[in-house]
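Undergrad: What follows is the file input.cif, containing mmCIF, C-alpha atoms, pLDDT in the B column; chains and numbers go by the auth columns:
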data_entry
loop_
_atom_site.group_PDB
_atom_site.id
_atom_site.type_symbol
_atom_site.label_atom_id
_atom_site.label_comp_id
_atom_site.label_asym_id
_atom_site.label_seq_id
_atom_site.Cartn_x
_atom_site.Cartn_y
_atom_site.Cartn_z
_atom_site.B_iso_or_equiv
_atom_site.auth_seq_id
_atom_site.auth_asym_id
ATOM 1 C CA MET A 1 -5.060 56.057 -24.351 60.00 1 G
ATOM 2 C CA ARG A 2 -5.991 52.901 -26.161 66.00 2 G
ATOM 3 C CA GLN A 3 -4.199 54.046 -29.313 71.00 3 G
ATOM 4 C CA LEU A 4 -1.058 54.791 -27.300 66.00 4 G
ATOM 5 C CA ASN A 5 -1.091 51.320 -25.732 68.00 5 G
ATOM 6 C CA THR A 6 -1.572 49.790 -29.169 72.00 6 G
ATOM 7 C CA LEU A 7 1.347 51.792 -30.533 67.00 7 G
ATOM 8 C CA LEU A 8 3.619 50.907 -27.616 68.00 8 G
ATOM 9 C CA SER A 9 2.843 47.210 -27.876 72.00 9 G
ATOM 10 C CA SER A 10 3.167 47.025 -31.663 74.00 10 G
ATOM 11 C CA ASP A 11 6.834 48.031 -31.984 77.00 11 G
ATOM 12 C CA LYS A 12 9.510 45.685 -30.625 82.00 12 G
ATOM 13 C CA GLU A 13 11.852 48.497 -29.506 85.00 13 G
ATOM 14 C CA LEU A 14 9.042 50.404 -27.803 84.00 14 G
ATOM 15 C CA LYS A 15 7.911 47.201 -26.084 85.00 15 G
ATOM 16 C CA THR A 16 11.414 46.755 -24.676 89.00 16 G
ATOM 17 C CA LEU A 17 11.486 50.379 -23.522 88.00 17 G
ATOM 18 C CA VAL A 18 8.100 50.056 -21.818 87.00 18 G
ATOM 19 C CA ALA A 19 9.243 46.877 -20.045 89.00 19 G
ATOM 20 C CA LYS A 20 12.362 48.633 -18.726 91.00 20 G
ATOM 21 C CA ALA A 21 10.325 51.632 -17.549 91.00 21 G
ATOM 22 C CA GLU A 22 7.872 49.345 -15.739 92.00 22 G
ATOM 23 C CA LYS A 23 10.747 47.496 -14.048 94.00 23 G
ATOM 24 C CA ILE A 24 12.301 50.768 -12.834 95.00 24 G
ATOM 25 C CA ALA A 25 8.899 51.942 -11.555 95.00 25 G
ATOM 26 C CA PHE A 26 8.534 48.648 -9.666 96.00 26 G
ATOM 27 C CA VAL A 27 12.011 49.004 -8.140 96.00 27 G
ATOM 28 C CA GLN A 28 11.273 52.639 -7.209 96.00 28 G
ATOM 29 C CA LYS A 29 8.106 51.619 -5.399 97.00 29 G
ATOM 30 C CA ILE A 30 10.055 49.074 -3.347 97.00 30 G
ATOM 31 C CA TRP A 31 12.827 51.623 -2.699 97.00 31 G
ATOM 32 C CA GLU A 32 10.307 54.137 -1.339 96.00 32 G
ATOM 33 C CA SER A 33 8.967 51.534 1.095 95.00 33 G
ATOM 34 C CA VAL A 34 12.408 50.315 2.218 96.00 34 G
ATOM 35 C CA ALA A 35 14.400 53.549 2.542 95.00 35 G
ATOM 36 C CA PRO A 36 13.911 55.413 5.805 94.00 36 G
ATOM 37 C CA PRO A 37 12.517 58.942 5.710 93.00 37 G
ATOM 38 C CA PRO A 38 13.784 61.431 4.583 92.00 38 G
ATOM 39 C CA PHE A 39 16.060 59.366 2.326 93.00 39 G
ATOM 40 C CA ASN A 40 13.114 57.928 0.426 91.00 40 G
ATOM 41 C CA GLN A 41 12.123 61.499 -0.470 91.00 41 G
ATOM 42 C CA HIS A 42 15.612 62.676 -1.439 93.00 42 G
ATOM 43 C CA SER A 43 16.693 59.729 -3.568 95.00 43 G
ATOM 44 C CA HIS A 44 15.327 57.481 -6.258 95.00 44 G
ATOM 45 C CA ALA A 45 16.148 54.069 -7.629 96.00 45 G
ATOM 46 C CA GLY A 46 17.488 53.430 -11.065 94.00 46 G
ATOM 47 C CA SER A 47 17.947 50.171 -12.856 91.00 47 G
ATOM 48 C CA ILE A 48 19.281 46.869 -11.573 95.00 48 G
ATOM 49 C CA HIS A 49 22.030 45.383 -13.720 95.00 49 G
ATOM 50 C CA ASP A 50 23.937 42.211 -12.788 97.00 50 G
ATOM 51 C CA GLY A 51 22.722 42.469 -9.187 97.00 51 G
ATOM 52 C CA LEU A 52 23.803 46.105 -8.826 98.00 52 G
ATOM 53 C CA ILE A 53 21.112 48.659 -8.018 97.00 53 G
ATOM 54 C CA THR A 54 21.919 52.289 -8.688 97.00 54 G
ATOM 55 C CA LEU A 55 20.432 54.922 -6.410 97.00 55 G
ATOM 56 C CA TYR A 56 20.408 58.595 -7.366 97.00 56 G
ATOM 57 C CA THR A 57 20.335 61.617 -5.090 95.00 57 G
ATOM 58 C CA SER A 58 20.919 65.342 -5.544 88.00 58 G
ATOM 59 C CA SER A 59 22.821 65.733 -2.276 92.00 59 G
ATOM 60 C CA GLY A 60 26.302 64.630 -1.316 94.00 60 G
ATOM 61 C CA ALA A 61 25.213 64.373 2.314 95.00 61 G
ATOM 62 C CA VAL A 62 22.340 62.031 1.466 95.00 62 G
ATOM 63 C CA SER A 63 24.672 60.033 -0.751 96.00 63 G
ATOM 64 C CA ALA A 64 27.187 59.608 2.071 97.00 64 G
ATOM 65 C CA LYS A 65 24.505 58.494 4.527 97.00 65 G
ATOM 66 C CA LEU A 66 23.029 56.007 2.045 97.00 66 G
ATOM 67 C CA LYS A 67 26.477 54.510 1.533 96.00 67 G
ATOM 68 C CA LEU A 68 26.752 54.021 5.302 97.00 68 G
ATOM 69 C CA LEU A 69 23.308 52.391 5.393 97.00 69 G
ATOM 70 C CA ALA A 70 23.971 50.232 2.314 97.00 70 G
ATOM 71 C CA PRO A 71 24.345 46.869 4.119 97.00 71 G
ATOM 72 C CA GLN A 72 21.012 47.235 5.943 97.00 72 G
ATOM 73 C CA LEU A 73 19.266 48.604 2.853 97.00 73 G
ATOM 74 C CA LEU A 74 20.607 45.756 0.749 97.00 74 G
ATOM 75 C CA LYS A 75 19.115 43.204 3.143 97.00 75 G
ATOM 76 C CA LYS A 76 15.750 44.986 3.104 97.00 76 G
ATOM 77 C CA LEU A 77 15.716 45.095 -0.703 97.00 77 G
ATOM 78 C CA GLN A 78 16.488 41.370 -0.823 97.00 78 G
ATOM 79 C CA ILE A 79 13.681 40.636 1.648 97.00 79 G
ATOM 80 C CA GLU A 80 11.309 42.522 -0.673 97.00 80 G
ATOM 81 C CA GLY A 81 12.294 40.152 -3.474 96.00 81 G
ATOM 82 C CA LEU A 82 14.812 42.160 -5.463 96.00 82 G
ATOM 83 C CA GLU A 83 17.778 40.178 -6.722 96.00 83 G
ATOM 84 C CA VAL A 84 20.473 42.645 -5.685 97.00 84 G
ATOM 85 C CA THR A 85 23.958 42.036 -4.352 97.00 85 G
ATOM 86 C CA ALA A 86 25.362 45.572 -4.309 98.00 86 G
ATOM 87 C CA ILE A 87 24.287 49.203 -4.097 97.00 87 G
ATOM 88 C CA ARG A 88 25.848 52.094 -5.985 97.00 88 G
ATOM 89 C CA VAL A 89 24.928 55.650 -5.010 97.00 89 G
ATOM 90 C CA GLU A 90 25.397 58.510 -7.459 96.00 90 G
ATOM 91 C CA VAL A 91 24.867 62.224 -6.999 95.00 91 G
ATOM 92 C CA GLN A 92 22.925 63.897 -9.787 91.00 92 G
ATOM 93 C CA VAL A 93 23.080 67.654 -9.578 80.00 93 G
ATOM 94 C CA LYS A 94 19.922 69.321 -10.800 76.00 94 G
ATOM 95 C CA SER A 95 20.524 72.250 -13.106 73.00 95 G
ATOM 96 C CA GLN A 96 18.853 75.527 -12.304 74.00 96 G
ATOM 97 C CA ALA A 97 17.308 77.846 -14.814 70.00 97 G
ATOM 98 C CA ARG A 98 19.255 81.011 -15.551 72.00 98 G
ATOM 99 C CA VAL A 99 17.582 84.224 -14.544 68.00 99 G
#
Translate this structure into structure tokens?
TA:
Amino acid sequence: MRQLNTLLSSDKELKTLVAKAEKIAFVQKIWESVAPPPFNQHSHAGSIHDGLITLYTSSGAVSAKLKLLAPQLLKKLQIEGLEVTAIRVEVQVKSQARV
């Protein structure tokens, strides 16, 4: 593990990638605490760019409900310290293995 950390911290591009991954993990942790069940289990947070947080879900129904809840969720995310001004919800369909 130590060698991996050394490798990740030695390369500038890898350092940037690790920083982005840590930021998304931080945002996801906040999202899980803010989103009401079952939405916190059926969606996940992506990156924040220019105040816009992107949320991903695999269900159109969950996406529609999150869009309705966006104003309240936005306030909760701001209270938790995230600098967000808008929420975008995207549906990501999971592919299934062929049998």
Undergrad: Let me have the centre and edge lengths of the axis-aligned box enclosing all listed atoms of region 12-19 of chain G with 4 Å padding on every side, in Å to one decimal, as lines of an AutoDock Vina configuration file.
TA:
center_x = 9.9
center_y = 48.0
center_z = -25.3
size_x = 11.9
size_y = 12.7
size_z = 18.6
Undergrad: Which residues, written as a PyMOL selection string, have at least one atom at most 10 Å from Ile79 (chain G), with only C-alpha atoms counted and residues fewer than 5 positions away on the same chain left out?
TA: chain G and resi 34+73-74
Undergrad: Place a sphere of radius 10 Å on (19.6, 51.3, -13.5) in the file coordinates and name every protein, DNA or RNA residue with an atom inside or on its surface, counting only C-alpha atoms; give the answer as a CSV table (one decimal) with C-alpha atoms, in the coordinates of the input.
TA:
chain,number,residue,atom,x,y,z
G,20,LYS,CA,12.4,48.6,-18.7
G,23,LYS,CA,10.7,47.5,-14.0
G,24,ILE,CA,12.3,50.8,-12.8
G,27,VAL,CA,12.0,49.0,-8.1
G,45,ALA,CA,16.1,54.1,-7.6
G,46,GLY,CA,17.5,53.4,-11.1
G,47,SER,CA,17.9,50.2,-12.9
G,48,ILE,CA,19.3,46.9,-11.6
G,49,HIS,CA,22.0,45.4,-13.7
G,52,LEU,CA,23.8,46.1,-8.8
G,53,ILE,CA,21.1,48.7,-8.0
G,54,THR,CA,21.9,52.3,-8.7
G,55,LEU,CA,20.4,54.9,-6.4
G,56,TYR,CA,20.4,58.6,-7.4
G,88,ARG,CA,25.8,52.1,-6.0
Undergrad: Which polymer residues, protein or nucleic acid, are no farther than 10 Å from (21.8, 57.0, 8.5), counting only C-alpha atoms, as a compact mmCIF listing (two decimals) with C-alpha atoms, in the frame of the given file?
TA:
# COMPACT_ATOMS: atom_id res chain seq x y z
CA PRO G 36 13.91 55.41 5.80
CA PRO G 37 12.52 58.94 5.71
CA PRO G 38 13.78 61.43 4.58
CA PHE G 39 16.06 59.37 2.33
CA VAL G 62 22.34 62.03 1.47
CA ALA G 64 27.19 59.61 2.07
CA LYS G 65 24.50 58.49 4.53
CA LEU G 66 23.03 56.01 2.04
CA LYS G 67 26.48 54.51 1.53
CA LEU G 68 26.75 54.02 5.30
CA LEU G 69 23.31 52.39 5.39
CA ALA G 70 23.97 50.23 2.31
Undergrad: Calculate how many Å separate CA of His42 (chain G) from CA of Lys76 (chain G), rounding to one decimal.
TA: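 For CA of His42 (chain G) relative to CA of Lys76 (chain G), the distance reads 18.3 Å.
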Undergrad: Between G:Ala19, G:Glu32, G:Ser43, G:Val84, single out the one closest to Ala61 (chain G), counting all atoms listed in the file.
TA: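 Using all atoms listed in the file, the shortest distance to Ala61 (chain G) belongs to G:Ser43.
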Undergrad: Which one is closest to Glu90 (chain G): G:Thr57, G:Pro71, G:Glu13, G:Leu77? Count all atoms listed in the file.
TA: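 Looking at the shortest contact to Glu90 (chain G), the residue is G:Thr57.
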Undergrad: Show which residues sit within 6 Å of Ser58 (chain G), as a ChimeraX atom specification. Count all atoms listed in the file, and ignore same-chain residues fewer than 6 positions away.
TA: /G:91-93
Undergrad: My list of candidates is G:Ala86, G:Gln3, G:Ser59, G:Gln78. Which is closest to Gln41 (chain G) when distances are computed with all atoms listed in the file?
TA: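 Counting all atoms listed in the file, the residue closest to Gln41 (chain G) is G:Ser59.
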Undergrad: How many Å lie between CA of Val18 (chain G) and CA of Ser33 (chain G), rounded to one decimal?
TA: 23.0 Å
Undergrad: Mind giving me the straight-line distance from CA of Trp31 (chain G) to CA of Ser63 (chain G) in Å, one decimal?
TA: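 We find that CA of Trp31 (chain G) and CA of Ser63 (chain G) lie 14.7 Å from each other.
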Undergrad: Rank G:Ala25, G:Leu14, G:Ile87, G:Ala97 by their smallest atom-to-atom distance to Asp50 (chain G), using all atoms listed in the file, and report the top residue only.
TA: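 Between G:Ala25, G:Leu14, G:Ile87, G:Ala97, the residue approaching Asp50 (chain G) most closely is G:Ile87.
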Undergrad: Just checking: using all atoms listed in the file, which residue out of G:His44, G:Thr16, G:Ala35, G:Ala21 ends up closest to Glu80 (chain G)?
TA: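 Using all atoms listed in the file, Glu80 (chain G) sits closest to G:Ala35.
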Undergrad: Counting only C-alpha atoms, which residue out of G:Ser95, G:Lys12, G:Gln72, G:Gly81 sits closest to Ile30 (chain G)?
TA: G:Gly81
